[in-house]
Amino acid sequence: MTIILDGRACALKITENIKRQTEKLSKKPVLAVILVGNNPASEVYVRNKQKKAVELGLESIIIPLPEDVTEDSILEHIYILNEDRNINAILVQLPLPEHINKQKVLEAIDPVKDVDGFTSYNFGRLILGYNPYAIPCTPKGIIKLLEEYRINLEGKKALVIGRSNIVGKPLALLLQNKNATVTVAHSKTDNIKDIAKNSDIIVSAIGKPNFITKDYISEGAIVVDVGINRVNGTLFGDVDFINTAPLTSYITPVPGGIGPMTIAMLMENTFELYKYQRNLFL
Ligand code: GUN
């Protein structure tokens with residue numbers, strides 16, 4: 001039997017809990033989002049993040065900057081947000097334009113306000129197994145969803161397809177922390193299909209619609225689809241869901257799987273940073 005991993009329901013549970021707690025606060029947690037340029041996908045993501053934040057009683061401010069903004073100007077905005085005691089969390093929406101040094105920009109964020117966990121301070125602490133201030137939202141959301149369904153990862157062979165800093169790399173670490181045996185595949189990996197066939201858990205984050213077909217899946221595998229691919233206005237994951245799902249024990253849909261979990265984790269991270277900064281133990 002196949003169980004659909006319902007990211008919407010799990011995210012709702014988490015966000016309702018945050019809402020209950022923020023209702024009691026006189027000063028709201030504040031998330032600042034820097035959005036550079038007019039990337040349509042980024043504009044949608046940022047709008048959705050803000051909508052959710054407001055729904056939950058968090059405050060969200062968006063700082064829109066033009067495509068041709070200078071790196072110094074972005075850094076100046078970050079320094080101001082770092083110093084502003086009213087701001088609890090800072091997110092720089094990616095991707096950034098080519099002329100901007102992403103590393104320099106992300107590293108400028110105060111680690112205590114680094115809601116994505118992308119600074120080397122927080123990422124390094126994640127690698128070392130110390131407590132970072134925040135863990136990247138998408139991988140954290142994947143683990144939470146698997147936990148919600150009480151899926152035991154210990155001793156399981158997990159394949160992560162994609163090695164990005166946003167998803168693949170941190171997810172591999174989190175799966176290892178759960179005692180899974182992890183393989184990270186990427187665009188240069190030979191025979192991904194054979195590795196996938198031999199895996200108990202497959203997480204695809206490569207951004208190619210219908211890349212994972214039923215030929216990649218062994219009976220009873222767990223499949224997590226992180227792909228968000230828009231084709232002629234319709235959303236597709238990386239997985240050929242219709243033909244693959246019947247073979248799996250658990251599978252995430254797109255939409256309604258990892259997407260809502262990512263936003264829920266951003267809200268959770270914002271609230272956690274707020275609590276840390278205010279020394280609150282709610
Ligand atoms: N662009 C796509 N995913 C993300 C994310 O998780 N964080 C940021 N900052 N930008 C993104």
# chains A, B, ... in the order shown; residues from 1 in each chain; ligands from 1
call {"tool": "closest_atom_pairs", "arguments": {"of": "chain A", "to": "ligand 1", "cutoff": "6 Å", "atoms": "only C-alpha atoms and all ligand atoms", "output": "Markdown table"}}
result
| residue | atom | partner | partner_atom_place_in_ligand_line | distance |
| --- | --- | --- | --- | --- |
| A:Leu91 | CA | ligand 1 | 9 (N) | 5.3 |
| A:Val92 | CA | ligand 1 | 9 (N) | 4.8 |
| A:Gln93 | CA | ligand 1 | 9 (N) | 3.9 |
| A:Leu94 | CA | ligand 1 | 10 (N) | 3.8 |
| A:Asp116 | CA | ligand 1 | 7 (N) | 5.9 |
| A:Cys137 | CA | ligand 1 | 6 (O) | 5.7 |
| A:Ile166 | CA | ligand 1 | 6 (O) | 5.9 |
call {"tool": "residues_around", "arguments": {"residues": "Asn177 in chain A", "least_positions_apart": "3", "cutoff": "10 Å", "atoms": "only C-alpha atoms", "output": "list of chain:residue names"}}
result
A:Leu126, A:Ile127, A:Gly129, A:Leu153, A:Glu154, A:Leu171, A:Ala172, A:Leu173, A:Leu174, A:Ala180, A:Thr181
call {"tool": "write_last_selection", "arguments": {"atoms": "C-alpha atoms", "output": "PDB file, in the first residue's frame"}}
result
ATOM      1  CA  LEU A 126      25.505  21.640  11.182  1.00  0.00           C
ATOM      2  CA  ILE A 127      28.430  19.696   9.681  1.00  0.00           C
ATOM      3  CA  GLY A 129      26.962  18.187  14.716  1.00  0.00           C
ATOM      4  CA  LEU A 153      15.776   6.029   8.764  1.00  0.00           C
ATOM      5  CA  GLU A 154      18.260   4.004  10.783  1.00  0.00           C
ATOM      6  CA  LEU A 171      19.980  17.013   3.689  1.00  0.00           C
ATOM      7  CA  ALA A 172      22.771  14.451   3.367  1.00  0.00           C
ATOM      8  CA  LEU A 173      24.038  15.566   6.795  1.00  0.00           C
ATOM      9  CA  LEU A 174      20.607  15.426   8.396  1.00  0.00           C
ATOM     10  CA  ALA A 180      20.923   6.503   7.286  1.00  0.00           C
ATOM     11  CA  THR A 181      23.670   5.461   4.874  1.00  0.00           C
TER      12      THR A 181
END
call {"tool": "select_by_dssp", "arguments": {"residues": "range 226-275 of chain A", "states": "alpha helix (DSSP H)", "output": "PyMOL selection string"}}
result
chain A and resi 241-244+258-275
call {"tool": "residues_around", "arguments": {"residues": "Ile14 in chain A", "least_positions_apart": "6", "cutoff": "12 Å", "atoms": "only C-alpha atoms", "output": "PyMOL selection string"}}
result
chain A and resi 7-8+20-21+56+141+144-145+148+260-269+271
